[in-house]
Structures are given as structure tokens and as C-alpha cells.
Amino acid sequence: MSSARPNAPVYQSGFGNHFATEAVAGALPEGRNSPQRPALGLYAEQLSGTAFTAPRDHNLRSWLYRLRPSAQHGPYQPFAQGRVRSGPFVETPPNPNRMRWDPLPMPDQPTD
């Protein structure tokens with residue numbers, strides 16, 4: 001921060017750096033990511049965008065501190081405006097909701 005402008009904003013620049021922002025002062029834990037009791041009654045969740053086989057220093061992740069856990073959210077509803085599209089899904093929209101798959105049945109024959 002410049003001494004000529006004491007109220008000037010502080011910019012976070014650079015690639016591969018770690019940043020933290022909070023809407024309410026004191027919401028983020030100091031010195032740890034997932035405390036047993038986060039401040040302000042928040043829930044800690046980690047969002048990972050990297051395969052679990054990647055080296056630790058290559059992992060991309062974000063710690064989120066939410067008012068309620070993401071598992072409590074209801075199902076997503078489509079946004080019907082017709083102009084936003086992504087890659088082809090054979091005209092069947094992908095389902096972003098939580099899903100559960102039953103395990104495969106046990107085989108009758110010995111297998112490996």
C-alpha cells in the first residue's frame with residue numbers, strides 16, 4: 001500500500017498464488033483450512049478441480065465456508081433462456097444434482 005494513498009485498494013496479482021476474501025471480518029480461520037468449529041457457524045467445504053493422483057503441489061482447490069452445507073440444497077432447476085449452450089450432450093441436458101449409483105451385482109463366476 002502506498003503511503004501517498006492510505007485508503008487505496010490492495011490488488012492481488014500473480015498466477016498460482018493463494019488468495020482469501022471474506023464478506024464478514026473474522027469469517028476465515030487463521031492458520032488452518034478446516035477447523036472443528038468454523039467462525040460464525042459456517043460449514044467448511046473443499047472444492048477440488050484436480051485428479052486425486054496429481055502431485056500435491058499441482059492440486060487446485062478452494063476452501064468454501066458456507067451458511068449451510070451444499071448437501072442441503074434442493075435440486076437444480078434449468079435456466080430456460082435458450083441462448084447459453086455448451087458442448088453437445090445429444091440434446092439431453094446433463095444432470096448437476098447429487099446422484100447415487102447402486103453397486104454392481106456380485107458375479108456368479110469367480111473373477112478378478
# chains A, B, ... in the order shown; residues from 1 in each chain; ligands from 1
>>> residues_around(residues="Gln46 of chain A", least_positions_apart="5", cutoff="12 Å", atoms="only C-alpha atoms", output="VMD selection string")
chain A and resid 33 to 34 59 to 66 69 to 70
>>> select_by_dssp(residues="segment 16-104 of chain A", states="helix (DSSP H, G or I)", output="short mmCIF file (atom, residue, chain, number, x, y, z; two decimals) with N, CA and C atoms, in the first residue's frame")
data_model
loop_
_atom_site.label_atom_id
_atom_site.label_comp_id
_atom_site.auth_asym_id
_atom_site.auth_seq_id
_atom_site.Cartn_x
_atom_site.Cartn_y
_atom_site.Cartn_z
N ALA A 39 -15.79 -20.18 12.35
CA ALA A 39 -16.38 -18.95 12.91
C ALA A 39 -17.77 -18.71 12.33
N LEU A 40 -18.59 -18.02 13.08
CA LEU A 40 -19.91 -17.57 12.65
C LEU A 40 -20.86 -18.72 12.30
N GLY A 41 -20.57 -19.94 12.75
CA GLY A 41 -21.45 -21.08 12.47
C GLY A 41 -21.42 -21.55 11.03
N ARG A 56 0.79 -33.29 -5.00
CA ARG A 56 0.18 -32.35 -4.05
C ARG A 56 0.40 -30.90 -4.45
N ASP A 57 1.58 -30.56 -4.96
CA ASP A 57 1.83 -29.16 -5.31
C ASP A 57 1.14 -28.74 -6.60
N HIS A 58 0.49 -29.67 -7.30
CA HIS A 58 -0.27 -29.35 -8.51
C HIS A 58 -1.78 -29.29 -8.25
N SER A 70 -23.58 -27.84 1.15
CA SER A 70 -24.12 -27.97 -0.20
C SER A 70 -25.08 -29.15 -0.30
N ALA A 71 -24.94 -30.16 0.55
CA ALA A 71 -25.84 -31.32 0.51
C ALA A 71 -27.26 -30.94 0.92
N GLN A 72 -27.47 -29.81 1.55
CA GLN A 72 -28.81 -29.38 1.94
C GLN A 72 -29.55 -28.65 0.83
#
>>> atom_distance(atom1="atom CA of Pro55 of chain A", atom2="atom CA of Asn17 of chain A")
16.9 Å
>>> closest_residue(among="A:Met99, A:Leu67, A:Leu104, A:Ala27", to="Tyr43 of chain A", atoms="only C-alpha atoms")
A:Leu67
>>> residues_around(residues="Asn95 of chain A", least_positions_apart="3", cutoff="10 Å", atoms="only C-alpha atoms", output="list in words")
Pro75, Tyr76, Gln77, Pro78, Thr92, Arg98 and Met99 of chain A
>>> write_last_selection(atoms="all heavy atoms", output="PDB file, in the first residue's frame")
ATOM      1  N   PRO A  75     -32.769 -29.612  -5.491  1.00  0.00           N
ATOM      2  CA  PRO A  75     -32.315 -29.903  -6.856  1.00  0.00           C
ATOM      3  C   PRO A  75     -32.243 -28.633  -7.706  1.00  0.00           C
ATOM      4  O   PRO A  75     -33.012 -27.701  -7.524  1.00  0.00           O
ATOM      5  CB  PRO A  75     -33.366 -30.867  -7.398  1.00  0.00           C
ATOM      6  CG  PRO A  75     -34.524 -30.788  -6.490  1.00  0.00           C
ATOM      7  CD  PRO A  75     -34.041 -30.242  -5.179  1.00  0.00           C
ATOM      8  N   TYR A  76     -31.304 -28.645  -8.624  1.00  0.00           N
ATOM      9  CA  TYR A  76     -31.147 -27.517  -9.534  1.00  0.00           C
ATOM     10  C   TYR A  76     -32.294 -27.506 -10.532  1.00  0.00           C
ATOM     11  O   TYR A  76     -32.767 -28.547 -10.963  1.00  0.00           O
ATOM     12  CB  TYR A  76     -29.818 -27.608 -10.286  1.00  0.00           C
ATOM     13  CG  TYR A  76     -28.635 -27.346  -9.406  1.00  0.00           C
ATOM     14  CD1 TYR A  76     -27.920 -28.387  -8.850  1.00  0.00           C
ATOM     15  CD2 TYR A  76     -28.232 -26.057  -9.126  1.00  0.00           C
ATOM     16  CE1 TYR A  76     -26.832 -28.155  -8.029  1.00  0.00           C
ATOM     17  CE2 TYR A  76     -27.145 -25.807  -8.306  1.00  0.00           C
ATOM     18  CZ  TYR A  76     -26.460 -26.864  -7.766  1.00  0.00           C
ATOM     19  OH  TYR A  76     -25.385 -26.629  -6.965  1.00  0.00           O
ATOM     20  N   GLN A  77     -32.707 -26.334 -10.921  1.00  0.00           N
ATOM     21  CA  GLN A  77     -33.736 -26.159 -11.936  1.00  0.00           C
ATOM     22  C   GLN A  77     -33.084 -25.566 -13.178  1.00  0.00           C
ATOM     23  O   GLN A  77     -32.220 -24.692 -13.069  1.00  0.00           O
ATOM     24  CB  GLN A  77     -34.829 -25.214 -11.424  1.00  0.00           C
ATOM     25  CG  GLN A  77     -35.531 -25.704 -10.178  1.00  0.00           C
ATOM     26  CD  GLN A  77     -36.287 -27.005 -10.419  1.00  0.00           C
ATOM     27  OE1 GLN A  77     -36.873 -27.198 -11.468  1.00  0.00           O
ATOM     28  NE2 GLN A  77     -36.237 -27.894  -9.445  1.00  0.00           N
ATOM     29  N   PRO A  78     -33.505 -26.006 -14.377  1.00  0.00           N
ATOM     30  CA  PRO A  78     -32.894 -25.443 -15.590  1.00  0.00           C
ATOM     31  C   PRO A  78     -33.228 -23.960 -15.741  1.00  0.00           C
ATOM     32  O   PRO A  78     -34.302 -23.510 -15.343  1.00  0.00           O
ATOM     33  CB  PRO A  78     -33.499 -26.263 -16.726  1.00  0.00           C
ATOM     34  CG  PRO A  78     -34.657 -26.984 -16.145  1.00  0.00           C
ATOM     35  CD  PRO A  78     -34.472 -27.041 -14.662  1.00  0.00           C
ATOM     36  N   THR A  92     -29.685 -33.933 -24.563  1.00  0.00           N
ATOM     37  CA  THR A  92     -30.156 -34.250 -23.220  1.00  0.00           C
ATOM     38  C   THR A  92     -29.296 -33.467 -22.254  1.00  0.00           C
ATOM     39  O   THR A  92     -28.079 -33.649 -22.233  1.00  0.00           O
ATOM     40  CB  THR A  92     -30.023 -35.766 -22.924  1.00  0.00           C
ATOM     41  OG1 THR A  92     -30.760 -36.485 -23.902  1.00  0.00           O
ATOM     42  CG2 THR A  92     -30.529 -36.103 -21.547  1.00  0.00           C
ATOM     43  N   ARG A  98     -27.116 -34.225  -7.129  1.00  0.00           N
ATOM     44  CA  ARG A  98     -26.465 -35.366  -6.484  1.00  0.00           C
ATOM     45  C   ARG A  98     -27.165 -36.645  -6.940  1.00  0.00           C
ATOM     46  O   ARG A  98     -28.385 -36.726  -6.974  1.00  0.00           O
ATOM     47  CB  ARG A  98     -26.565 -35.246  -4.972  1.00  0.00           C
ATOM     48  CG  ARG A  98     -25.822 -34.076  -4.414  1.00  0.00           C
ATOM     49  CD  ARG A  98     -25.975 -33.970  -2.906  1.00  0.00           C
ATOM     50  NE  ARG A  98     -27.336 -34.023  -2.428  1.00  0.00           N
ATOM     51  CZ  ARG A  98     -28.169 -32.987  -2.385  1.00  0.00           C
ATOM     52  NH1 ARG A  98     -27.774 -31.823  -2.805  1.00  0.00           N
ATOM     53  NH2 ARG A  98     -29.387 -33.128  -1.929  1.00  0.00           N
ATOM     54  N   MET A  99     -26.363 -37.644  -7.289  1.00  0.00           N
ATOM     55  CA  MET A  99     -26.920 -38.924  -7.718  1.00  0.00           C
ATOM     56  C   MET A  99     -26.241 -40.030  -6.950  1.00  0.00           C
ATOM     57  O   MET A  99     -25.134 -39.875  -6.452  1.00  0.00           O
ATOM     58  CB  MET A  99     -26.707 -39.121  -9.215  1.00  0.00           C
ATOM     59  CG  MET A  99     -27.509 -38.148 -10.056  1.00  0.00           C
ATOM     60  SD  MET A  99     -27.404 -38.530 -11.782  1.00  0.00           S
ATOM     61  CE  MET A  99     -26.070 -37.451 -12.266  1.00  0.00           C
TER      62      MET A  99
END
>>> select_by_dssp(residues="segment 15-59 of chain A", states="strand (DSSP E or B)", output="list of chain:residue names")
A:Tyr43, A:Ala44, A:Glu45, A:Gln46, A:Leu47, A:Ser48
>>> decode(residues="segment 14-30 of chain A", atoms="N, CA, C and O atoms", output="short mmCIF file (atom, residue, chain, number, x, y, z; two decimals), in the first residue's frame")
data_model
loop_
_atom_site.label_atom_id
_atom_site.label_comp_id
_atom_site.auth_asym_id
_atom_site.auth_seq_id
_atom_site.Cartn_x
_atom_site.Cartn_y
_atom_site.Cartn_z
N GLY A 14 -0.91 -12.02 -9.82
CA GLY A 14 0.00 -13.13 -9.96
C GLY A 14 -0.72 -14.41 -10.32
O GLY A 14 -1.91 -14.56 -10.10
N PHE A 15 0.02 -15.35 -10.88
CA PHE A 15 -0.52 -16.64 -11.26
C PHE A 15 -0.09 -17.69 -10.25
O PHE A 15 1.04 -17.70 -9.79
N GLY A 16 -0.98 -18.59 -9.89
CA GLY A 16 -0.65 -19.67 -8.98
C GLY A 16 -0.56 -19.25 -7.53
O GLY A 16 -0.10 -20.02 -6.70
N ASN A 17 -1.01 -18.06 -7.19
CA ASN A 17 -0.97 -17.61 -5.81
C ASN A 17 -2.22 -18.07 -5.07
O ASN A 17 -3.18 -18.51 -5.66
N HIS A 18 -2.21 -17.93 -3.78
CA HIS A 18 -3.35 -18.28 -2.95
C HIS A 18 -3.95 -16.99 -2.40
O HIS A 18 -3.24 -16.16 -1.84
N PHE A 19 -5.24 -16.84 -2.59
CA PHE A 19 -5.93 -15.64 -2.15
C PHE A 19 -7.04 -15.99 -1.19
O PHE A 19 -7.56 -17.10 -1.20
N ALA A 20 -7.43 -15.05 -0.37
CA ALA A 20 -8.54 -15.24 0.57
C ALA A 20 -9.36 -13.96 0.62
O ALA A 20 -8.80 -12.87 0.66
N THR A 21 -10.67 -14.12 0.57
CA THR A 21 -11.57 -12.99 0.74
C THR A 21 -12.67 -13.40 1.70
O THR A 21 -13.00 -14.58 1.81
N GLU A 22 -13.22 -12.43 2.39
CA GLU A 22 -14.31 -12.73 3.31
C GLU A 22 -15.32 -11.59 3.26
O GLU A 22 -14.97 -10.42 3.12
N ALA A 23 -16.60 -11.95 3.33
CA ALA A 23 -17.67 -10.96 3.30
C ALA A 23 -17.83 -10.30 4.66
O ALA A 23 -18.21 -9.14 4.76
N VAL A 24 -17.54 -11.02 5.74
CA VAL A 24 -17.65 -10.51 7.09
C VAL A 24 -16.29 -10.69 7.76
O VAL A 24 -15.72 -11.79 7.72
N ALA A 25 -15.77 -9.66 8.35
CA ALA A 25 -14.47 -9.75 9.01
C ALA A 25 -14.48 -10.83 10.09
O ALA A 25 -15.43 -10.93 10.86
N GLY A 26 -13.44 -11.66 10.09
CA GLY A 26 -13.33 -12.73 11.09
C GLY A 26 -13.97 -14.04 10.67
O GLY A 26 -13.98 -15.00 11.42
N ALA A 27 -14.51 -14.12 9.44
CA ALA A 27 -15.16 -15.35 8.99
C ALA A 27 -14.15 -16.44 8.62
O ALA A 27 -14.44 -17.62 8.79
N LEU A 28 -12.98 -16.06 8.13
CA LEU A 28 -11.99 -17.05 7.71
C LEU A 28 -11.13 -17.48 8.89
O LEU A 28 -10.74 -16.66 9.71
N PRO A 29 -10.82 -18.79 8.96
CA PRO A 29 -9.93 -19.24 10.03
C PRO A 29 -8.50 -18.78 9.78
O PRO A 29 -8.07 -18.65 8.64
N GLU A 30 -7.78 -18.55 10.82
CA GLU A 30 -6.38 -18.14 10.72
C GLU A 30 -5.47 -19.35 10.94
O GLU A 30 -5.60 -20.04 11.95
#
